[in-house]
file structure_25.pdb (PDB, C-alpha atoms and all ligand atoms)
MODEL        1
ATOM      1  CA  MET A   1      34.224  22.234  -8.423  1.00  0.00           C
ATOM      2  CA  SER A   2      33.039  25.389 -10.133  1.00  0.00           C
ATOM      3  CA  ASP A   3      30.618  27.827  -8.624  1.00  0.00           C
ATOM      4  CA  LEU A   4      27.502  28.881 -10.469  1.00  0.00           C
ATOM      5  CA  SER A   5      29.093  32.085 -11.721  1.00  0.00           C
ATOM      6  CA  GLU A   6      31.868  30.197 -13.502  1.00  0.00           C
ATOM      7  CA  ILE A   7      29.353  27.783 -14.991  1.00  0.00           C
ATOM      8  CA  LYS A   8      27.166  30.695 -16.124  1.00  0.00           C
ATOM      9  CA  ASP A   9      30.150  32.258 -17.889  1.00  0.00           C
ATOM     10  CA  ARG A  10      31.087  28.989 -19.574  1.00  0.00           C
ATOM     11  CA  LEU A  11      27.520  28.528 -20.787  1.00  0.00           C
ATOM     12  CA  ARG A  12      27.481  32.076 -22.182  1.00  0.00           C
ATOM     13  CA  VAL A  13      30.626  31.360 -24.174  1.00  0.00           C
ATOM     14  CA  PHE A  14      29.312  27.956 -25.247  1.00  0.00           C
ATOM     15  CA  ALA A  15      26.104  29.515 -26.608  1.00  0.00           C
ATOM     16  CA  ARG A  16      27.837  32.506 -28.176  1.00  0.00           C
ATOM     17  CA  GLU A  17      30.379  30.373 -30.015  1.00  0.00           C
ATOM     18  CA  ARG A  18      27.542  28.356 -31.569  1.00  0.00           C
ATOM     19  CA  ASP A  19      25.257  31.344 -32.237  1.00  0.00           C
ATOM     20  CA  TRP A  20      22.662  29.728 -29.987  1.00  0.00           C
ATOM     21  CA  ASP A  21      21.585  32.845 -28.109  1.00  0.00           C
ATOM     22  CA  GLN A  22      18.854  33.193 -30.715  1.00  0.00           C
ATOM     23  CA  PHE A  23      17.351  29.913 -29.442  1.00  0.00           C
ATOM     24  CA  HIS A  24      17.757  30.641 -25.733  1.00  0.00           C
ATOM     25  CA  SER A  25      14.544  32.524 -25.128  1.00  0.00           C
ATOM     26  CA  PRO A  26      12.970  32.182 -21.688  1.00  0.00           C
ATOM     27  CA  LYS A  27      10.193  30.123 -23.264  1.00  0.00           C
ATOM     28  CA  ASN A  28      12.583  27.686 -24.920  1.00  0.00           C
ATOM     29  CA  LEU A  29      14.827  27.375 -21.889  1.00  0.00           C
ATOM     30  CA  SER A  30      11.926  26.727 -19.517  1.00  0.00           C
ATOM     31  CA  MET A  31      10.659  24.067 -21.907  1.00  0.00           C
ATOM     32  CA  ALA A  32      14.148  22.549 -22.083  1.00  0.00           C
ATOM     33  CA  ILE A  33      14.216  22.293 -18.278  1.00  0.00           C
ATOM     34  CA  ALA A  34      10.923  20.400 -18.344  1.00  0.00           C
ATOM     35  CA  CYS A  35      12.179  18.119 -21.124  1.00  0.00           C
ATOM     36  CA  GLU A  36      15.344  17.280 -19.214  1.00  0.00           C
ATOM     37  CA  ALA A  37      13.324  16.720 -16.037  1.00  0.00           C
ATOM     38  CA  GLY A  38      11.242  14.272 -18.070  1.00  0.00           C
ATOM     39  CA  GLU A  39      14.415  12.451 -19.109  1.00  0.00           C
ATOM     40  CA  LEU A  40      15.364  12.173 -15.444  1.00  0.00           C
ATOM     41  CA  LEU A  41      11.892  10.906 -14.562  1.00  0.00           C
ATOM     42  CA  GLU A  42      12.129   8.289 -17.277  1.00  0.00           C
ATOM     43  CA  LEU A  43      15.086   6.696 -15.500  1.00  0.00           C
ATOM     44  CA  PHE A  44      12.911   6.117 -12.425  1.00  0.00           C
ATOM     45  CA  GLN A  45       9.751   5.175 -14.261  1.00  0.00           C
ATOM     46  CA  TRP A  46       8.377   1.809 -13.153  1.00  0.00           C
ATOM     47  CA  LEU A  47      10.982   1.289 -10.442  1.00  0.00           C
ATOM     48  CA  SER A  48       9.829   0.337  -6.976  1.00  0.00           C
ATOM     49  CA  GLU A  49      10.556   2.710  -4.096  1.00  0.00           C
ATOM     50  CA  SER A  50      13.316   0.374  -3.015  1.00  0.00           C
ATOM     51  CA  ASP A  51      14.849   0.086  -6.477  1.00  0.00           C
ATOM     52  CA  SER A  52      14.800   3.872  -6.877  1.00  0.00           C
ATOM     53  CA  ARG A  53      16.735   4.254  -3.626  1.00  0.00           C
ATOM     54  CA  GLY A  54      19.345   1.784  -4.818  1.00  0.00           C
ATOM     55  CA  ILE A  55      19.707   3.026  -8.390  1.00  0.00           C
ATOM     56  CA  MET A  56      23.141   4.553  -7.837  1.00  0.00           C
ATOM     57  CA  LYS A  57      24.583   1.060  -7.265  1.00  0.00           C
ATOM     58  CA  ASP A  58      24.269   0.547 -11.028  1.00  0.00           C
ATOM     59  CA  ALA A  59      27.164   2.483 -12.554  1.00  0.00           C
ATOM     60  CA  ASN A  60      25.454   2.922 -15.924  1.00  0.00           C
ATOM     61  CA  GLU A  61      22.206   4.192 -14.403  1.00  0.00           C
ATOM     62  CA  ALA A  62      24.143   6.385 -11.989  1.00  0.00           C
ATOM     63  CA  ASN A  63      25.942   8.022 -14.897  1.00  0.00           C
ATOM     64  CA  ARG A  64      22.696   8.601 -16.778  1.00  0.00           C
ATOM     65  CA  ILE A  65      21.121  10.212 -13.712  1.00  0.00           C
ATOM     66  CA  ARG A  66      24.183  12.383 -13.216  1.00  0.00           C
ATOM     67  CA  GLN A  67      24.002  13.565 -16.820  1.00  0.00           C
ATOM     68  CA  GLU A  68      20.272  14.341 -16.752  1.00  0.00           C
ATOM     69  CA  MET A  69      20.674  16.284 -13.505  1.00  0.00           C
ATOM     70  CA  ALA A  70      23.492  18.237 -15.141  1.00  0.00           C
ATOM     71  CA  ASP A  71      21.272  18.966 -18.154  1.00  0.00           C
ATOM     72  CA  ILE A  72      18.560  20.352 -15.881  1.00  0.00           C
ATOM     73  CA  LEU A  73      21.001  22.559 -14.012  1.00  0.00           C
ATOM     74  CA  ILE A  74      22.650  23.773 -17.219  1.00  0.00           C
ATOM     75  CA  TYR A  75      19.339  24.995 -18.609  1.00  0.00           C
ATOM     76  CA  LEU A  76      18.313  26.430 -15.242  1.00  0.00           C
ATOM     77  CA  ILE A  77      21.539  28.403 -14.930  1.00  0.00           C
ATOM     78  CA  ARG A  78      21.178  29.593 -18.511  1.00  0.00           C
ATOM     79  CA  LEU A  79      17.569  30.693 -17.911  1.00  0.00           C
ATOM     80  CA  ALA A  80      18.574  32.521 -14.743  1.00  0.00           C
ATOM     81  CA  ASP A  81      21.297  34.298 -16.705  1.00  0.00           C
ATOM     82  CA  ILE A  82      18.891  35.337 -19.467  1.00  0.00           C
ATOM     83  CA  LEU A  83      16.351  36.597 -16.916  1.00  0.00           C
ATOM     84  CA  ASP A  84      19.044  38.290 -14.798  1.00  0.00           C
ATOM     85  CA  ILE A  85      18.188  36.246 -11.711  1.00  0.00           C
ATOM     86  CA  GLU A  86      20.875  35.560  -9.116  1.00  0.00           C
ATOM     87  CA  LEU A  87      20.123  31.893  -8.664  1.00  0.00           C
ATOM     88  CA  GLU A  88      22.086  31.446  -5.441  1.00  0.00           C
ATOM     89  CA  ASP A  89      20.218  34.351  -3.811  1.00  0.00           C
ATOM     90  CA  ALA A  90      16.885  33.025  -5.094  1.00  0.00           C
ATOM     91  CA  VAL A  91      17.606  29.590  -3.613  1.00  0.00           C
ATOM     92  CA  ILE A  92      18.552  30.996  -0.214  1.00  0.00           C
ATOM     93  CA  GLN A  93      15.430  33.182  -0.165  1.00  0.00           C
ATOM     94  CA  LYS A  94      13.270  30.200  -1.109  1.00  0.00           C
ATOM     95  CA  ILE A  95      14.763  28.023   1.628  1.00  0.00           C
ATOM     96  CA  ASP A  96      14.013  30.809   4.114  1.00  0.00           C
ATOM     97  CA  LEU A  97      10.455  31.088   2.788  1.00  0.00           C
ATOM     98  CA  ASN A  98       9.983  27.309   3.021  1.00  0.00           C
ATOM     99  CA  ALA A  99      11.144  27.394   6.631  1.00  0.00           C
ATOM    100  CA  VAL A 100       8.275  29.794   7.357  1.00  0.00           C
ATOM    101  CA  LYS A 101       5.767  27.790   5.308  1.00  0.00           C
ATOM    102  CA  TYR A 102       6.846  24.514   6.885  1.00  0.00           C
ATOM    103  CA  PRO A 103       7.529  25.078  10.585  1.00  0.00           C
ATOM    104  CA  VAL A 104       9.125  22.035  12.230  1.00  0.00           C
ATOM    105  CA  ALA A 105       6.350  21.961  14.827  1.00  0.00           C
ATOM    106  CA  THR A 106       3.635  21.238  12.245  1.00  0.00           C
ATOM    107  CA  SER A 107       5.498  19.724   9.323  1.00  0.00           C
ATOM    108  CA  LYS A 108       7.827  17.201  10.932  1.00  0.00           C
ATOM    109  CA  GLY A 109       7.226  13.697   9.603  1.00  0.00           C
ATOM    110  CA  THR A 110       4.406  14.651   7.249  1.00  0.00           C
ATOM    111  CA  ALA A 111       4.408  15.228   3.479  1.00  0.00           C
ATOM    112  CA  ARG A 112       1.314  17.429   3.614  1.00  0.00           C
ATOM    113  CA  LYS A 113       1.401  20.692   1.681  1.00  0.00           C
ATOM    114  CA  TYR A 114       1.796  23.841   3.753  1.00  0.00           C
ATOM    115  CA  THR A 115      -1.784  24.849   2.992  1.00  0.00           C
ATOM    116  CA  GLU A 116      -2.958  21.723   4.825  1.00  0.00           C
ATOM    117  CA  LEU A 117      -0.804  22.106   7.916  1.00  0.00           C
ATOM    118  CA  ASP A 118      -2.200  23.427  11.188  1.00  0.00           C
ATOM    119  CA  ASN A 119      -0.256  26.679  11.107  1.00  0.00           C
ATOM    120  CA  ALA A 120      -2.846  28.825  12.820  1.00  0.00           C
TER     121      ALA A 120
HETATM  122 MG    MG B   1      19.242  15.012 -21.206  1.00  0.00          MG
ENDMDL
END
call {"tool": "encode", "arguments": {"input": "structure_25.pdb", "output": "structure tokens"}}
result
Amino acid sequence: MSDLSEIKDRLRVFARERDWDQFHSPKNLSMAIACEAGELLELFQWLSESDSRGIMKDANEANRIRQEMADILIYLIRLADILDIELEDAVIQKIDLNAVKYPVATSKGTARKYTELDNA
């Protein structure tokens, strides 16, 4: 298991060796993330809630999901590198922010957005 820093370095080398830095603009990378997210969504399209929960029982589908999730993370790590964002720090800060936006007392058991919670 590699940490994000090792993956970031490998992706830098991967892009440099192929002269792909020229294509890795923030615009292109953000679009690539959305495209890969769409590929992940496609695997769940038309499934019932129950089928979606059981999808990992199918080895072929499980592998496809694993690969699309990897694609998303690869582009996200690459975008963070290009924009000089420490992704691990950003994630921790966002979790902390979400804890404030979604206090257990008002958000437990509901999928309502924080703007619709009774957080007076
Ligand atoms: Mg893909």
call {"tool": "resolve_selection", "arguments": {"input": "structure_25.pdb", "expression": "the PyMOL selection byres (((chain A and resi 18-30) around 9) and not hetatm)", "output": "list in words"}}
result
Arg12, Val13, Phe14, Ala15, Arg16, Glu17, Met31, Ala32, Ile33, Ala34, Cys35, Tyr75, Leu76, Arg78, Leu79, Ala80, Ile82 and Leu83 of chain A
call {"tool": "closest_residue", "arguments": {"input": "structure_25.pdb", "among": "A:Ala105, A:Leu43, A:Ile55, A:Ala111", "to": "ligand MG 1 (chain B)", "atoms": "only C-alpha atoms and all ligand atoms"}}
result
A:Leu43
call {"tool": "residues_near_ligand", "arguments": {"input": "structure_25.pdb", "ligand": "ligand MG 1 (chain B)", "cutoff": "8 Å", "atoms": "all atoms listed in the file", "output": "PyMOL selection string"}}
result
chain A and resi 35-36+39-40+67-69+71-72
call {"tool": "axis_aligned_box", "arguments": {"input": "structure_25.pdb", "around": "segment 17-22 of chain A", "padding_each_side": "3 Å", "output": "AutoDock Vina command-line options"}}
result
--center_x 24.6 --center_y 30.8 --center_z -30.2 --size_x 17.5 --size_y 10.8 --size_z 10.1
call {"tool": "resolve_selection", "arguments": {"input": "structure_25.pdb", "expression": "the PyMOL selection byres (((chain A and resi 94-102) around 12) and not hetatm)", "output": "list in words"}}
result
Leu87, Glu88, Asp89, Ala90, Val91, Ile92, Gln93, Pro103, Val104, Ala105, Thr106, Ser107, Lys108, Gly109, Thr110, Ala111, Arg112, Lys113, Tyr114, Thr115, Glu116, Leu117, Asp118, Asn119 and Ala120 of chain A
call {"tool": "atom_distance", "arguments": {"input": "structure_25.pdb", "atom1": "atom CA of Ile65 of chain A", "atom2": "atom CA of Glu6 of chain A"}}
result
22.7 Å
call {"tool": "closest_residue", "arguments": {"input": "structure_25.pdb", "among": "A:Ala70, A:Asp3, A:Ile85, A:Glu61", "to": "Glu42 of chain A", "atoms": "all atoms listed in the file"}}
result
A:Glu61
call {"tool": "atom_distance", "arguments": {"input": "structure_25.pdb", "atom1": "atom CA of Asp84 of chain A", "atom2": "atom CA of Gly38 of chain A"}}
result
25.5 Å
call {"tool": "build_atoms", "arguments": {"input": "structure_25.pdb", "residues": "segment 61-72 of chain A", "atoms": "all heavy atoms", "output": "compact mmCIF listing (two decimals), keeping the file's coordinate frame"}}
result
# COMPACT_ATOMS: atom_id res chain seq x y z
N GLU A 61 23.36 3.37 -14.77
CA GLU A 61 22.21 4.19 -14.40
C GLU A 61 22.66 5.43 -13.63
O GLU A 61 22.13 6.52 -13.82
CB GLU A 61 21.21 3.37 -13.58
CG GLU A 61 20.49 2.29 -14.37
CD GLU A 61 19.70 2.85 -15.54
OE1 GLU A 61 18.66 3.48 -15.30
OE2 GLU A 61 20.14 2.68 -16.70
N ALA A 62 23.63 5.25 -12.77
CA ALA A 62 24.14 6.38 -11.99
C ALA A 62 24.68 7.47 -12.91
O ALA A 62 24.45 8.66 -12.71
CB ALA A 62 25.22 5.92 -11.03
N ASN A 63 25.39 7.05 -13.95
CA ASN A 63 25.94 8.02 -14.90
C ASN A 63 24.84 8.73 -15.67
O ASN A 63 24.90 9.94 -15.91
CB ASN A 63 26.91 7.33 -15.87
CG ASN A 63 27.64 8.32 -16.75
OD1 ASN A 63 28.21 9.29 -16.26
ND2 ASN A 63 27.59 8.10 -18.05
N ARG A 64 23.81 7.98 -16.05
CA ARG A 64 22.70 8.60 -16.78
C ARG A 64 21.98 9.63 -15.90
O ARG A 64 21.60 10.71 -16.36
CB ARG A 64 21.72 7.52 -17.26
CG ARG A 64 22.34 6.62 -18.33
CD ARG A 64 21.43 5.48 -18.70
NE ARG A 64 20.28 5.95 -19.45
CZ ARG A 64 19.22 5.19 -19.73
NH1 ARG A 64 19.18 3.93 -19.33
NH2 ARG A 64 18.22 5.69 -20.41
N ILE A 65 21.77 9.28 -14.64
CA ILE A 65 21.12 10.21 -13.71
C ILE A 65 21.97 11.47 -13.54
O ILE A 65 21.47 12.60 -13.59
CB ILE A 65 20.85 9.52 -12.37
CG1 ILE A 65 19.71 8.52 -12.55
CG2 ILE A 65 20.55 10.53 -11.27
CD1 ILE A 65 19.53 7.58 -11.41
N ARG A 66 23.25 11.26 -13.37
CA ARG A 66 24.18 12.38 -13.22
C ARG A 66 24.10 13.31 -14.43
O ARG A 66 24.06 14.55 -14.27
CB ARG A 66 25.59 11.80 -13.06
CG ARG A 66 26.67 12.75 -12.74
CD ARG A 66 27.96 11.96 -12.41
NE ARG A 66 29.05 12.84 -12.13
CZ ARG A 66 29.88 13.31 -13.07
NH1 ARG A 66 29.74 12.94 -14.32
NH2 ARG A 66 30.85 14.14 -12.74
N GLN A 67 24.05 12.74 -15.61
CA GLN A 67 24.00 13.56 -16.82
C GLN A 67 22.67 14.31 -16.96
O GLN A 67 22.65 15.48 -17.37
CB GLN A 67 24.27 12.70 -18.05
CG GLN A 67 25.71 12.24 -18.11
CD GLN A 67 26.07 11.58 -19.43
OE1 GLN A 67 25.27 11.55 -20.36
NE2 GLN A 67 27.27 11.04 -19.50
N GLU A 68 21.57 13.65 -16.64
CA GLU A 68 20.27 14.34 -16.75
C GLU A 68 20.17 15.46 -15.72
O GLU A 68 19.62 16.53 -16.01
CB GLU A 68 19.11 13.36 -16.60
CG GLU A 68 19.04 12.29 -17.68
CD GLU A 68 19.08 12.81 -19.12
OE1 GLU A 68 18.83 14.00 -19.35
OE2 GLU A 68 19.38 12.00 -20.01
N MET A 69 20.68 15.23 -14.52
CA MET A 69 20.67 16.28 -13.50
C MET A 69 21.52 17.46 -13.97
O MET A 69 21.15 18.63 -13.76
CB MET A 69 21.15 15.74 -12.16
CG MET A 69 20.15 14.77 -11.54
SD MET A 69 20.72 14.06 -9.99
CE MET A 69 20.63 15.48 -8.92
N ALA A 70 22.64 17.17 -14.60
CA ALA A 70 23.49 18.24 -15.14
C ALA A 70 22.75 19.01 -16.23
O ALA A 70 22.82 20.24 -16.27
CB ALA A 70 24.80 17.66 -15.67
N ASP A 71 22.04 18.29 -17.10
CA ASP A 71 21.27 18.97 -18.15
C ASP A 71 20.26 19.94 -17.56
O ASP A 71 20.10 21.07 -18.03
CB ASP A 71 20.52 17.93 -19.01
CG ASP A 71 21.42 17.21 -20.00
OD1 ASP A 71 22.52 17.71 -20.29
OD2 ASP A 71 21.01 16.13 -20.48
N ILE A 72 19.56 19.49 -16.53
CA ILE A 72 18.56 20.35 -15.88
C ILE A 72 19.23 21.60 -15.32
O ILE A 72 18.76 22.73 -15.54
CB ILE A 72 17.83 19.59 -14.75
CG1 ILE A 72 17.00 18.45 -15.33
CG2 ILE A 72 16.97 20.54 -13.92
CD1 ILE A 72 16.53 17.44 -14.29
